[in-house]
Structures are given as C-alpha cells and as structure tokens.
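Structure file target12.cif with mmCIF, C-alpha atoms and all ligand atoms:
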data_entry
#
loop_
_atom_site.label_atom_id
_atom_site.label_comp_id
_atom_site.auth_asym_id
_atom_site.auth_seq_id
_atom_site.Cartn_x
_atom_site.Cartn_y
_atom_site.Cartn_z
CA MET S 1 197.70 66.80 96.96
CA TYR S 2 194.99 64.24 96.20
CA SER S 3 195.71 60.65 95.27
CA LEU S 4 193.32 60.46 92.34
CA GLU S 5 193.16 58.19 89.37
CA GLY S 6 193.90 59.20 85.80
CA LEU S 7 196.13 62.14 86.59
CA GLN S 8 196.30 64.48 83.64
CA GLY S 9 199.82 65.74 84.22
CA ASN S 10 200.08 69.43 83.64
CA LEU S 11 197.31 69.68 81.10
CA LYS S 12 195.28 72.47 82.56
CA HIS S 13 191.50 72.10 82.38
CA LEU S 14 191.55 68.67 80.79
CA PRO S 15 190.31 66.47 83.60
CA ALA S 16 189.09 62.91 83.28
CA TRP S 17 187.01 60.87 85.65
CA GLY S 18 185.95 57.33 86.29
CA VAL S 19 183.80 55.26 88.59
CA LYS S 20 185.22 52.51 90.74
CA GLN S 21 183.55 50.54 93.53
CA GLY S 22 180.66 52.99 93.68
CA VAL S 23 182.97 55.95 93.96
CA ALA S 24 183.38 58.42 91.14
CA TYR S 25 186.73 60.11 91.21
CA LYS S 26 187.16 63.39 89.53
CA THR S 27 190.65 63.82 88.15
CA LEU S 28 192.30 67.13 88.81
CA ASN S 29 194.49 69.41 86.89
CA THR S 30 197.68 70.22 88.68
CA MET S 31 197.73 73.94 88.10
CA ASN S 32 196.12 74.77 91.40
CA ALA S 33 199.37 74.19 93.28
CA GLU S 34 198.52 76.13 96.44
CA ALA S 35 196.46 73.87 98.62
CA GLY S 36 193.45 75.92 99.70
CA LYS S 37 191.15 74.91 102.49
CA THR S 38 188.73 72.08 101.79
CA ALA S 39 184.96 71.98 102.24
CA LEU S 40 183.15 68.65 102.22
CA ILE S 41 179.53 69.10 101.14
CA THR S 42 176.93 66.35 101.24
CA GLY S 43 173.98 66.88 98.89
CA ALA S 44 176.12 69.00 96.56
CA SER S 45 174.37 67.75 93.41
CA SER S 46 171.33 70.02 93.63
CA GLY S 47 169.38 72.73 95.44
CA ILE S 48 170.86 74.45 98.48
CA GLY S 49 173.91 72.16 98.56
CA GLN S 50 174.81 72.96 94.97
CA GLU S 51 174.54 76.70 95.66
CA LEU S 52 176.70 76.33 98.75
CA ALA S 53 179.32 74.40 96.74
CA LYS S 54 179.45 77.28 94.25
CA LEU S 55 180.03 79.81 97.04
CA PHE S 56 182.90 77.79 98.49
CA ALA S 57 184.41 77.31 95.02
CA LYS S 58 184.19 81.05 94.33
CA ASP S 59 186.16 81.68 97.51
CA GLY S 60 188.87 79.24 96.42
CA TYR S 61 187.95 76.30 98.62
CA ASN S 62 188.76 72.86 97.26
CA LEU S 63 185.67 70.69 97.34
CA VAL S 64 184.74 67.16 98.30
CA MET S 65 181.27 66.75 96.79
CA LEU S 66 178.96 63.97 97.87
CA SER S 67 175.62 62.56 96.79
CA ARG S 68 174.26 59.48 95.02
CA ASP S 69 174.44 60.99 91.54
CA GLY S 70 178.15 60.76 90.66
CA GLU S 71 177.59 61.85 87.08
CA LYS S 72 175.82 65.08 88.03
CA LEU S 73 178.45 65.82 90.69
CA THR S 74 181.24 65.25 88.21
CA GLN S 75 179.69 67.65 85.72
CA LEU S 76 179.41 70.31 88.42
CA ALA S 77 182.92 69.62 89.68
CA LEU S 78 184.29 70.15 86.16
CA GLU S 79 182.49 73.48 85.93
CA PHE S 80 183.80 74.62 89.30
CA GLU S 81 187.35 73.65 88.40
CA GLU S 82 187.16 75.52 85.14
CA ASP S 83 185.44 78.58 86.56
CA TYR S 84 187.35 78.92 89.82
CA GLY S 85 190.59 76.91 89.42
CA ILE S 86 189.95 74.76 92.48
CA GLN S 87 190.50 71.03 93.12
CA THR S 88 187.55 68.71 93.52
CA THR S 89 186.88 65.19 94.67
CA VAL S 90 183.58 63.52 93.90
CA ILE S 91 182.23 60.73 96.07
CA SER S 92 179.09 58.99 94.97
CA LYS S 93 177.40 57.26 97.89
CA ASP S 94 173.97 56.60 99.33
CA LEU S 95 174.22 58.28 102.70
CA SER S 96 171.18 56.47 104.05
CA GLN S 97 173.17 53.22 104.26
CA GLU S 98 174.65 51.65 107.38
CA ASN S 99 178.15 52.84 108.33
CA VAL S 100 178.47 55.06 105.27
CA ALA S 101 179.85 58.02 107.24
CA GLN S 102 182.81 55.89 108.33
CA GLU S 103 183.40 54.90 104.69
CA VAL S 104 183.40 58.55 103.63
CA TYR S 105 185.74 59.52 106.45
CA ASP S 106 188.14 56.66 105.66
CA GLU S 107 188.16 57.54 101.98
CA VAL S 108 188.77 61.23 102.55
CA THR S 109 191.53 60.70 105.11
CA SER S 110 193.21 58.00 102.99
CA LYS S 111 193.55 60.65 100.26
CA GLY S 112 195.30 62.95 102.74
CA ILE S 113 192.50 65.51 102.62
CA THR S 114 191.96 67.71 105.67
CA VAL S 115 188.34 68.78 105.89
CA ASN S 116 188.27 72.35 107.19
CA VAL S 117 184.55 72.79 106.61
CA LEU S 118 181.85 70.14 106.77
CA VAL S 119 178.42 70.88 105.32
CA ASN S 120 175.77 68.32 106.24
CA ASP S 121 173.24 69.30 103.59
CA ALA S 122 171.92 66.01 102.15
CA GLY S 123 168.39 65.45 103.40
CA VAL S 124 165.02 64.16 102.23
CA SER S 125 161.40 64.03 103.32
CA THR S 126 158.35 61.88 102.74
CA TYR S 127 154.87 63.29 102.24
CA GLY S 128 151.57 62.01 103.61
CA LYS S 129 149.67 61.01 106.74
CA PHE S 130 151.95 59.01 109.02
CA ALA S 131 149.33 56.46 110.12
CA THR S 132 147.90 55.54 106.76
CA GLU S 133 149.86 56.93 103.83
CA THR S 134 153.63 57.04 104.26
CA ASP S 135 155.95 54.10 103.77
CA TRP S 136 158.01 52.89 106.74
CA GLU S 137 161.02 51.82 104.67
CA ARG S 138 161.29 55.33 103.21
CA GLU S 139 160.88 56.88 106.64
CA LYS S 140 163.55 54.63 108.10
CA SER S 141 165.93 55.55 105.31
CA MET S 142 165.13 59.26 105.85
CA ILE S 143 165.88 59.01 109.57
CA HIS S 144 169.13 57.27 108.68
CA LEU S 145 170.17 60.02 106.27
CA ASN S 146 168.86 63.08 108.13
CA VAL S 147 169.81 61.94 111.63
CA LEU S 148 172.19 58.98 111.88
CA THR S 149 174.57 59.80 109.03
CA LEU S 150 174.58 63.51 109.90
CA THR S 151 175.43 62.67 113.52
CA HIS S 152 178.13 60.18 112.58
CA MET S 153 179.69 62.53 109.99
CA THR S 154 179.74 65.24 112.65
CA LYS S 155 181.35 62.92 115.19
CA LEU S 156 184.12 61.79 112.81
CA PHE S 157 185.08 65.17 111.36
CA LEU S 158 184.47 67.24 114.51
CA LYS S 159 186.91 65.11 116.49
CA ASP S 160 189.69 66.09 114.05
CA MET S 161 188.63 69.73 114.00
CA VAL S 162 188.78 69.92 117.78
CA ALA S 163 192.21 68.25 117.74
CA ARG S 164 193.44 70.87 115.23
CA ASP S 165 191.49 73.61 117.04
CA GLU S 166 190.03 74.88 113.78
CA GLY S 167 187.05 74.08 111.61
CA LYS S 168 183.48 74.90 110.77
CA ILE S 169 180.35 72.80 110.39
CA LEU S 170 177.10 73.84 108.72
CA GLN S 171 174.09 71.72 109.66
CA LEU S 172 170.98 71.88 107.46
CA ALA S 173 168.09 72.23 109.87
CA SER S 174 164.84 73.93 108.82
CA LEU S 175 162.20 76.33 110.08
CA VAL S 176 160.19 73.16 110.76
CA SER S 177 162.88 72.31 113.34
CA ILE S 178 160.88 74.63 115.60
CA THR S 179 157.30 73.99 114.44
CA PRO S 180 155.12 70.93 113.91
CA PHE S 181 154.72 70.02 110.22
CA PRO S 182 151.67 67.78 109.66
CA LEU S 183 151.97 65.56 106.56
CA GLN S 184 155.77 65.64 106.91
CA ALA S 185 155.81 64.70 110.59
CA VAL S 186 158.86 62.44 110.63
CA TYR S 187 160.85 64.88 108.50
CA ALA S 188 160.11 67.77 110.90
CA ALA S 189 161.14 65.57 113.83
CA THR S 190 164.48 64.80 112.16
CA LYS S 191 165.08 68.53 111.64
CA ALA S 192 164.17 69.27 115.28
CA TYR S 193 166.89 66.78 116.17
CA VAL S 194 169.44 68.53 113.94
CA TYR S 195 168.71 71.92 115.47
CA ASN S 196 168.74 70.74 119.07
CA PHE S 197 171.91 68.68 118.49
CA THR S 198 173.68 71.68 116.96
CA GLN S 199 172.82 74.03 119.79
CA SER S 200 174.03 71.56 122.43
CA LEU S 201 177.31 71.02 120.60
CA ASN S 202 177.78 74.75 120.26
CA ASN S 203 177.87 74.97 124.01
CA GLU S 204 180.36 72.10 124.22
CA LEU S 205 182.58 73.82 121.64
CA GLU S 206 182.90 77.04 123.63
CA GLY S 207 186.55 77.92 124.16
CA THR S 208 187.65 76.24 120.91
CA ASN S 209 188.10 77.70 117.44
CA VAL S 210 185.58 75.28 116.00
CA THR S 211 182.14 76.65 115.19
CA MET S 212 178.87 75.05 114.20
CA THR S 213 176.00 76.81 112.45
CA ALA S 214 172.42 75.62 112.06
CA LEU S 215 170.76 76.84 108.87
CA LEU S 216 166.95 77.04 109.18
CA PRO S 217 165.45 77.72 105.74
CA ASN S 218 161.78 78.21 105.06
CA GLY S 219 160.30 76.44 102.00
CA THR S 220 162.90 76.72 99.23
CA GLU S 221 162.59 76.20 95.49
CA THR S 222 164.50 72.95 94.97
CA ASN S 223 163.70 69.31 94.12
CA PHE S 224 162.81 68.77 97.76
CA PHE S 225 158.99 68.58 97.60
CA ARG S 226 158.88 66.45 94.43
CA GLU S 227 161.48 64.09 95.86
CA ALA S 228 159.28 63.77 98.96
CA GLY S 229 156.45 62.56 96.72
CA ALA S 230 154.25 65.59 97.40
CA PRO S 231 151.75 67.08 94.92
CA PRO S 232 152.01 70.87 94.36
CA LEU S 233 151.46 72.36 97.82
CA ASN S 234 150.25 75.72 99.12
CA VAL S 235 153.72 76.38 100.54
CA GLU S 236 155.12 76.26 97.01
CA LYS S 237 153.38 79.53 96.18
CA MET S 238 155.96 81.37 98.30
CA LEU S 239 159.26 79.52 98.06
CA ASP S 240 162.63 81.12 98.68
CA ASP S 241 165.52 81.21 96.23
CA PRO S 242 168.12 78.50 97.06
CA ALA S 243 170.94 80.89 96.08
CA VAL S 244 169.77 83.41 98.71
CA VAL S 245 169.33 80.68 101.33
CA ALA S 246 172.84 79.36 100.62
CA LYS S 247 174.40 82.84 100.76
CA ASP S 248 172.83 83.65 104.13
CA GLY S 249 173.96 80.24 105.44
CA TYR S 250 177.45 80.70 104.04
CA ASP S 251 177.87 84.17 105.59
CA ALA S 252 176.62 82.94 108.97
CA LEU S 253 178.98 79.95 108.82
CA MET S 254 181.95 82.15 107.98
CA THR S 255 181.23 84.48 110.89
CA GLY S 256 180.71 81.59 113.30
CA LYS S 257 177.03 82.24 114.06
CA ARG S 258 175.22 79.48 115.90
CA LYS S 259 172.11 79.66 113.79
CA VAL S 260 170.66 81.56 110.88
CA VAL S 261 167.15 81.95 109.50
CA PRO S 262 167.77 82.99 105.89
CA GLY S 263 165.51 85.08 103.68
CA GLY S 264 164.89 88.34 105.51
CA LEU S 265 162.16 89.55 107.82
CA LYS S 266 159.35 87.32 106.52
CA ASN S 267 161.15 84.23 107.78
CA LYS S 268 162.46 85.89 110.92
CA SER S 269 158.88 86.89 111.86
CA PHE S 270 157.92 83.30 111.26
CA GLU S 271 160.65 82.20 113.67
CA VAL S 272 159.42 84.58 116.37
CA MET S 273 155.87 83.36 115.82
CA ALA S 274 157.04 79.77 116.21
CA TYR S 275 158.42 80.62 119.65
CA VAL S 276 155.28 82.36 120.91
CA ALA S 277 152.25 80.76 119.24
CA PRO S 278 150.58 77.66 120.72
CA GLN S 279 151.65 74.38 119.11
CA GLU S 280 148.09 73.54 117.93
CA THR S 281 147.89 76.89 116.15
CA LEU S 282 151.23 76.35 114.48
CA ALA S 283 150.21 72.82 113.49
CA SER S 284 147.00 74.12 111.86
CA MET S 285 148.85 76.82 110.00
CA MET S 286 151.59 74.47 108.81
CA ARG S 287 148.95 71.95 107.77
CA HIS S 288 147.47 74.61 105.51
CA PHE S 289 150.87 75.35 103.95
CA ASN S 290 151.45 71.64 103.44
CA THR S 291 148.04 71.01 101.86
CA PRO S 292 147.81 70.32 98.11
CA GLN S 293 146.93 73.49 96.20
CA ASP S 294 143.79 71.94 94.71
CA GLU S 295 142.35 70.57 97.97
CA GLN S 296 139.85 73.32 98.85
CA LYS S 297 137.63 70.86 100.68
CA GLN S 298 140.36 69.83 103.07
CA GLN S 299 141.15 73.47 103.74
CA GLU S 300 137.51 74.02 104.73
CA GLU S 301 137.69 71.09 107.15
CA ASN S 302 140.78 72.59 108.77
CA LYS S 303 138.95 75.72 109.88
CA THR S 304 139.23 75.02 113.61
CA PRO S 305 139.51 77.77 116.23
CA GLY S 306 143.28 77.18 116.20
CA TRP S 307 143.30 77.70 112.48
CA VAL S 308 141.51 81.03 112.88
CA LEU S 309 144.20 82.16 115.29
CA GLY S 310 146.82 80.83 112.87
CA LEU S 311 145.35 83.02 110.15
CA GLY S 312 145.53 86.01 112.49
CA ILE S 313 149.17 85.32 113.16
CA ALA S 314 149.90 84.80 109.48
CA ALA S 315 148.23 88.15 108.83
CA ALA S 316 150.48 89.70 111.48
CA VAL S 317 153.48 88.28 109.65
CA VAL S 318 152.26 89.72 106.38
CA ALA S 319 151.73 93.05 108.13
CA GLY S 320 155.31 92.83 109.42
CA VAL S 321 156.60 92.24 105.92
CA ALA S 322 154.54 95.15 104.62
CA LEU S 323 155.97 97.37 107.35
CA VAL S 324 159.52 96.46 106.42
CA THR S 325 158.83 97.08 102.75
CA ALA S 326 157.34 100.46 103.62
CA TRP S 327 160.34 101.19 105.84
CA ASN S 328 162.79 100.40 103.05
CA GLN S 329 160.94 102.73 100.72
CA ALA S 330 160.49 105.59 103.21
CA ASP S 331 162.49 108.84 102.98
CA THR S 332 164.84 110.03 105.74
CA LEU S 333 162.31 112.39 107.36
CA THR S 334 159.64 109.69 107.55
CA LYS S 335 162.18 107.28 109.02
CA ALA S 336 163.16 109.85 111.68
CA ARG S 337 159.46 110.33 112.53
CA TYR S 338 158.97 106.60 112.92
CA ARG S 339 162.15 106.26 114.98
CA TYR S 340 160.70 108.84 117.39
CA LYS S 341 157.38 106.96 117.45
CA GLY S 342 159.31 103.74 118.05
CA TYR S 343 161.12 105.40 120.94
CA ARG S 344 157.77 106.49 122.46
CA ALA S 345 156.36 103.02 121.94
CA LYS S 346 159.40 101.52 123.67
CA GLN S 347 158.87 103.85 126.63
CA LYS S 348 155.23 102.82 126.79
CA ALA S 349 156.22 99.16 126.61
CA ASN S 350 158.70 99.68 129.44
CA GLY S 351 155.91 101.33 131.46
CA LEU S 352 153.69 98.37 130.72
CA LEU S 353 156.39 95.96 131.85
CA ASP S 354 156.79 97.95 135.09
CA ASP S 355 153.01 97.66 135.63
CA VAL S 356 153.21 93.92 135.08
CA LYS S 357 156.10 93.71 137.54
CA ASP S 358 154.11 95.71 140.14
CA ALA S 359 151.10 93.47 139.62
CA LEU S 360 153.27 90.38 140.11
CA VAL S 361 154.80 91.81 143.29
CA ASP S 362 151.28 92.64 144.60
CA THR S 363 150.09 89.15 143.77
CA TRP S 364 153.09 87.64 145.47
CA ASP S 365 152.49 89.75 148.58
CA THR S 366 148.82 88.73 148.63
CA VAL S 367 149.74 85.05 148.27
CA LYS S 368 152.31 85.41 151.04
CA LYS S 369 149.78 87.18 153.29
CA GLN S 370 147.14 84.57 152.53
CA SER S 371 149.55 81.79 153.41
CA VAL S 372 150.37 83.54 156.73
CA ASP S 373 146.61 83.96 157.35
CA THR S 374 146.08 80.30 156.48
CA LYS S 375 148.88 79.25 158.84
CA GLU S 376 147.37 81.38 161.63
CA SER S 377 143.88 80.00 161.08
CA VAL S 378 145.24 76.43 161.07
CA ALA S 379 147.04 77.20 164.36
CA ASP S 380 143.82 78.72 165.79
CA GLY S 381 141.82 75.70 164.67
CA TRP S 382 144.38 73.37 166.19
CA ASP S 383 144.25 75.23 169.52
CA THR S 384 140.43 75.12 169.52
CA LEU S 385 140.51 71.38 168.78
CA LYS S 386 143.01 70.79 171.58
CA SER S 387 140.95 72.74 174.13
CA LYS S 388 137.76 70.92 173.01
CA ALA S 389 139.54 67.59 173.39
CA LYS S 390 140.71 68.62 176.86
CA THR S 391 137.15 69.61 177.88
CA ALA S 392 135.77 66.32 176.53
CA THR S 393 138.32 64.21 178.43
CA ALA S 394 138.02 66.26 181.68
N1 LIG S 401 163.75 72.89 100.07
C1 LIG S 401 163.23 73.23 101.22
O1 LIG S 401 162.09 73.72 101.30
C2 LIG S 401 164.04 73.03 102.48
C3 LIG S 401 163.67 73.78 103.62
C4 LIG S 401 164.39 73.61 104.78
C5 LIG S 401 165.46 72.75 104.82
N2 LIG S 401 165.80 72.04 103.70
C6 LIG S 401 166.94 71.10 103.79
O2 LIG S 401 167.94 71.48 102.87
C7 LIG S 401 168.72 70.35 102.53
C8 LIG S 401 168.89 70.32 101.02
O3 LIG S 401 167.65 70.11 100.41
P1 LIG S 401 167.23 70.83 99.06
O4 LIG S 401 166.06 71.64 99.34
O5 LIG S 401 168.39 71.47 98.43
O6 LIG S 401 166.71 69.57 98.24
P2 LIG S 401 167.28 68.82 96.95
O7 LIG S 401 167.46 69.77 95.84
O8 LIG S 401 166.39 67.64 96.76
O9 LIG S 401 168.73 68.34 97.42
C9 LIG S 401 168.93 67.22 98.25
C10 LIG S 401 170.37 66.77 98.12
O10 LIG S 401 170.56 65.64 98.99
C11 LIG S 401 171.12 64.57 98.23
N3 LIG S 401 170.63 63.29 98.75
C12 LIG S 401 169.34 62.91 98.91
N4 LIG S 401 169.30 61.65 99.37
C13 LIG S 401 170.58 61.22 99.48
C14 LIG S 401 171.18 59.99 99.89
N5 LIG S 401 170.45 58.95 100.30
N6 LIG S 401 172.52 59.90 99.86
C15 LIG S 401 173.27 60.96 99.45
N7 LIG S 401 172.77 62.13 99.08
C16 LIG S 401 171.43 62.27 99.08
C17 LIG S 401 170.63 64.80 96.81
O11 LIG S 401 171.51 64.23 95.86
P3 LIG S 401 171.27 62.87 95.06
O12 LIG S 401 169.84 62.82 94.68
O13 LIG S 401 172.23 62.99 93.92
O14 LIG S 401 171.67 61.78 95.99
C18 LIG S 401 170.71 66.33 96.73
O15 LIG S 401 172.01 66.72 96.40
C19 LIG S 401 167.99 69.14 103.10
O16 LIG S 401 168.63 68.72 104.28
C20 LIG S 401 166.60 69.67 103.41
O17 LIG S 401 166.02 68.98 104.48
C21 LIG S 401 165.12 72.17 102.54
#

File written out as structure tokens:
Amino acid sequence: MYSLEGLQGNLKHLPAWGVKQGVAYKTLNTMNAEAGKTALITGASSGIGQELAKLFAKDGYNLVMLSRDGEKLTQLALEFEEDYGIQTTVISKDLSQENVAQEVYDEVTSKGITVNVLVNDAGVSTYGKFATETDWEREKSMIHLNVLTLTHMTKLFLKDMVARDEGKILQLASLVSITPFPLQAVYAATKAYVYNFTQSLNNELEGTNVTMTALLPNGTETNFFREAGAPPLNVEKMLDDPAVVAKDGYDALMTGKRKVVPGGLKNKSFEVMAYVAPQETLASMMRHFNTPQDEQKQQEENKTPGWVLGLGIAAAVVAGVALVTAWNQADTLTKARYRYKGYRAKQKANGLLDDVKDALVDTWDTVKKQSVDTKESVADGWDTLKSKAKTATA
C-alpha cells in the first residue's frame, strides 16, 4: 500500500529504515495485507501522543507518526509493527516551520495514504513572565506549532474527510484552554484558540459523518514542563498519567464526543469551577500551581483576596473528590440513603430556583410599575410646565 524505500519483500518483522531529505521512512513488512484505517499522529514520539499511537496500533490502525525525532519515532514504529502487526510511516519534521503542514499533506497523499483519523497532538510551551523573562522567538515558534500548523493540518485533512463523508480529528487542547495560566500566558492562549476553533468547527460539521474532539487534559506527567524550561512546579505534585489521559481521549474520539476532560471527577470539578469562578480568582489559583515548588516567598506574596477565594474553591474541589471516593467505597444501603438525600436536596434546589424566579418576576413588575410611574410623573411635570408657560405669556 505504501510507496516506501527499502522494501523487505516478504520477510516478516525485518524492517529497515533510512533518512532522506529530512524524512525518515520506516520500511514495512508486507504481511499486513489488509489495509486497515490510518491514523496520523503529530507528537507521537513521547507523552500523550505516544500513548495515543499505542492505542491506535492496538486496534489495528496503520500509523503515520510525526515529530522532529525520527530516530525515536522509528524505534516506536518498529515496536508497534512487531507487537500489533500494523503498517507505519515515520515523518520527521519540525512542525513549527512555515508551510510544513502542506509538506506533510503532500507527502502523505503522494504515498496514496488516506488519513481516516488526524490527531493534532504536537505542542509546546514556554515558562516565565511574558514581559521580562520569556523569549519572543520561542513564543513565535510555539504559536506557529500550536496554532498555525494545527489549523493548516486541520484544513488540509478535514477537506478530504468531508469529501469522503468520514473521518475523525482529535485536537489537543488543555484545561488551561478555559482558564488563565500566568507564567505560561501565551501557551494558555494558544490552547484557548484550539478549544474555541474545535467547538466552532463541530457546529459546521453537523450533518456529516466527520467528528472532531477536543481533549482537555489537566497537568500530565510527560516531558512537557521540562521542555517548556520550567523548574519543578507545584502543579507537578499532582500530575495525571498520560496513558489514562490518552485512553479517555481515544474513547471520546471513537464515540464522536465534542470534548473530553480526562482523569475523572477531580478534573471535571476543575472544569466546572473554571466556568463559574471569577477570572482573577482562577488566575491566582493557577499562578500558585505554576509557581516553582521552592518559592515559598512568592507564594506568600500571592495571598490576595482572590487567592483566598481560590483556596476556598480548591478546597471545594478536594471535598468533591473526597465525596466521590467515599461514594465509590460506600455499601448499597448507604448509597440508597444518599440517593434519597440527593433527591430531597434536588427538591429543595428546585424550590430555591422557584423562589429566585418569583423574586425576578416581582422585581420586573416593580421596575415596570416604576417606569409607568416615571412616565406619568414626566407627563404631569410637562403639563405643569406648559400651564406655567401659558400663564407667563398671558
Ligand atoms: N503535559 C501536560 O501537562 C499537558 C496538559 C494539557 C495539554 N497538553 C498538550 O498535550 C500535547 C502533548 O504534550 P505532552 O504533554 O505529551 O508533551 P511531550 O511529552 O513533550 O510531547 C510533545 C510532543 O510534541 C512533539 N513536538 C514538539 N515540538 C515539535 C515540533 N516543533 N515539531 C514536531 N513535533 C514537535 C514532540 O516530539 P519531538 O520532540 O520529537 O519533536 C513530542 O512528541 C501538547 O499539545 C500539550 O500542549 C499537555
């Protein structure tokens, strides 16, 4: 199926590979005769992308694996071929370069590969204060990778998916897509772009068989923070497992969900908090997470009123997690008791909502009445003025 160099004939599991013009080609064995579907994964050489690649391989997908490190990709590709009998293509490219998405697309299509699933995983960050510490060239390159290349890759492959009326795209967003993230400000802004972009496209894709899923991980244990140039941070005390993040993302992609926050209730509570808490509070809390572990002094300085509220919310999240843990460990009778309590609480909440509605209706009526009163008093005043003017001119 693939036009690759150094074909090994029918020698199963004896692939060879080479590098030409910046592109490392992995040679395939020919035993996997049935052409499975193909997933193209950027950032497949480590972290979440590597875990995703493994999940696709396990399910029999052929892989196109992309990143800068062709050697690492080739090693992984060999393992996947041997373990799962799939076909792989390795493309080694710097995706922060101009027009690179077009080069990838041209290369893939010239090999006759149909990309059924696109995973835009490759992404980086830079750490430090925007005004005084971070480097513009690195930020520019990050915006290129996280935003421009992702958008262009989506444009090129989505067009074909829509024409075929089949396909899936997984976009690596982040929980910081929906919160400020001081000390990684530009990174968070790029992820906000990815999330917003994905949700708009989802609407445009309605009525087709093409789906797009935004994956919003919390801090995950990968090379990410070291690559960003960060010292050990508070957030790194509670990182998620990249295999779990990838599995949740994979399942959501396969079922066509528009977005997924992986990692259970802790992260879902965080998402809810991000929607309801004031931005300053979120910024203070995220600043704490993004602070170096040994910077006690800076943490003291950050104790603003917003930060106090942030702590309260964080405590609520922890309480939520504790509740879920307790729930999972409770016996059937206890669960039934709590279900009943939950039902009562729901009734109370409904009552409360009705009260709020009544109060709003009352307020509206009062405002309406006041505006009628105001109109009447303006009319009265006008009449008085007119009669005074008449008297004065008589
Ligand atoms: N870790 C987290 O806490 C976290 C949380 C939320 C979202 N995310 C997102 O998850 C995605 C994966 O990150 P990760 O945590 O798995 O980090 P990671 O282990 O550092 O993986 C990043 C991947 O991107 C590739 N990459 C980086 N720069 C590239 C470039 N210029 N051209 C081509 N490939 C490049 C890397 O490969 P090479 O070095 O070989 O090029 C690597 O495969 C990113 O989009 C990140 O923003 C991460």

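Candidate residues S:Thr126, S:Ser141, S:Thr89, S:Thr109 were compared for distance to ligand LIG 401 (chain S), and the nearest is S:Ser141, using all atoms listed in the file.
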
Quick one: which chain S residues come within 8 Å of ligand LIG 401 (chain S), and what is the nearest atom pair for each with the distance in Å to one decimal, counting only C-alpha atoms and all ligand atoms, rows ordered by chain and ascending number, as CSV?
residue,atom,partner,partner_atom,distance
S:Thr42,CA,S:LIG401,N7,6.3
S:Gly43,CA,S:LIG401,O15,3.2
S:Ala44,CA,S:LIG401,O15,4.7
S:Ser45,CA,S:LIG401,O15,3.9
S:Ser46,CA,S:LIG401,O15,4.4
S:Gly47,CA,S:LIG401,O5,3.4
S:Ile48,CA,S:LIG401,O5,3.9
S:Gly49,CA,S:LIG401,O5,5.6
S:Gln50,CA,S:LIG401,O15,7.0
S:Leu66,CA,S:LIG401,N7,6.6
S:Ser67,CA,S:LIG401,N7,3.7
S:Arg68,CA,S:LIG401,O14,3.6
S:Asp69,CA,S:LIG401,O13,3.8
S:Gly70,CA,S:LIG401,O13,7.1
S:Lys72,CA,S:LIG401,O13,7.2
S:Leu73,CA,S:LIG401,O13,7.6
S:Ser92,CA,S:LIG401,C15,7.6
S:Lys93,CA,S:LIG401,C15,5.8
S:Asp94,CA,S:LIG401,N6,3.6
S:Leu95,CA,S:LIG401,N6,3.7
S:Ser96,CA,S:LIG401,N5,4.6
S:Gln97,CA,S:LIG401,N5,7.5
S:Asn120,CA,S:LIG401,O16,7.4
S:Asp121,CA,S:LIG401,O16,4.7
S:Ala122,CA,S:LIG401,O10,3.5
S:Gly123,CA,S:LIG401,O16,3.4
S:Val124,CA,S:LIG401,O17,5.4
S:Ser125,CA,S:LIG401,O17,6.9
S:Ser141,CA,S:LIG401,N5,7.6
S:Met142,CA,S:LIG401,N5,7.7
S:Leu145,CA,S:LIG401,N5,6.1
S:Asn146,CA,S:LIG401,O16,6.8
S:Leu172,CA,S:LIG401,O16,5.1
S:Ala173,CA,S:LIG401,C5,5.7
S:Ser174,CA,S:LIG401,C4,4.1
S:Leu175,CA,S:LIG401,C4,6.3
S:Val176,CA,S:LIG401,C4,7.3
S:Tyr187,CA,S:LIG401,O17,7.7
S:Lys191,CA,S:LIG401,O17,7.2
S:Leu215,CA,S:LIG401,C5,7.8
S:Leu216,CA,S:LIG401,C4,6.1
S:Pro217,CA,S:LIG401,C4,4.4
S:Asn218,CA,S:LIG401,C3,5.0
S:Gly219,CA,S:LIG401,O1,3.3
S:Thr220,CA,S:LIG401,O1,3.7
S:Glu221,CA,S:LIG401,N1,5.8
S:Thr222,CA,S:LIG401,O7,4.4
S:Asn223,CA,S:LIG401,O8,4.1
S:Phe224,CA,S:LIG401,O8,3.9
S:Phe225,CA,S:LIG401,N1,6.9
S:Arg226,CA,S:LIG401,O8,8.0
S:Glu227,CA,S:LIG401,O8,6.1
S:Leu239,CA,S:LIG401,O1,7.2
S:Asp240,CA,S:LIG401,O1,7.9
S:Pro242,CA,S:LIG401,O5,7.2

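Here CA of Thr132 in chain S is placed at a distance of 23.3 Å from CA of Thr281 in chain S.
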
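In terms of minimum interatomic distance to Leu183 in chain S, S:Ala228 ranks closest within S:Ala228, S:Val272, S:Ala101, S:Leu156, counting all atoms listed in the file.
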
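The coordinates place CA of Asp251 in chain S at 24.3 Å from CA of Tyr275 in chain S.
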
Place a sphere of radius 9 Å on (149.1, 77.9, 102.1) in the file coordinates and name every protein, DNA or RNA residue with an atom inside or on its surface, counting only C-alpha atoms; give the answer as a PDB file with C-alpha atoms, in the frame of the given file.
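That gives us part_39.pdb:
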ATOM      1  CA  LEU S 233     151.460  72.360  97.820  1.00  0.00           C
ATOM      2  CA  ASN S 234     150.250  75.720  99.120  1.00  0.00           C
ATOM      3  CA  VAL S 235     153.720  76.380 100.540  1.00  0.00           C
ATOM      4  CA  GLU S 236     155.120  76.260  97.010  1.00  0.00           C
ATOM      5  CA  LYS S 237     153.380  79.530  96.180  1.00  0.00           C
ATOM      6  CA  MET S 238     155.960  81.370  98.300  1.00  0.00           C
ATOM      7  CA  MET S 285     148.850  76.820 110.000  1.00  0.00           C
ATOM      8  CA  MET S 286     151.590  74.470 108.810  1.00  0.00           C
ATOM      9  CA  ARG S 287     148.950  71.950 107.770  1.00  0.00           C
ATOM     10  CA  HIS S 288     147.470  74.610 105.510  1.00  0.00           C
ATOM     11  CA  PHE S 289     150.870  75.350 103.950  1.00  0.00           C
ATOM     12  CA  ASN S 290     151.450  71.640 103.440  1.00  0.00           C
ATOM     13  CA  THR S 291     148.040  71.010 101.860  1.00  0.00           C
ATOM     14  CA  PRO S 292     147.810  70.320  98.110  1.00  0.00           C
ATOM     15  CA  GLN S 293     146.930  73.490  96.200  1.00  0.00           C
TER      16      GLN S 293
END

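The space separating CA of Asn62 in chain S from CA of Lys168 in chain S comes to 14.6 Å.
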
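For the set S:Gln75, S:Asn99, S:Thr154, S:Thr190, the residue with the smallest atom-to-atom gap to Leu170 in chain S is S:Thr154, counting all atoms listed in the file.
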
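Each of S:Lys129, S:Thr179, S:Ser269, S:Asn116 was compared to Asp160 in chain S using all atoms listed in the file, and S:Asn116 turns out to be the nearest.
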
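Of the residues listed (S:Thr74, S:Val90, S:Ala243, S:Glu166), S:Glu166 shows the shortest atom-to-atom separation from Gly207 in chain S; distances use all atoms listed in the file.
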
Please determine, counting only C-alpha atoms, which residue among S:Thr198, S:Asn267, S:Thr38, S:Thr208 has the shortest atom-to-atom distance to Gln87 in chain S. S:Thr38
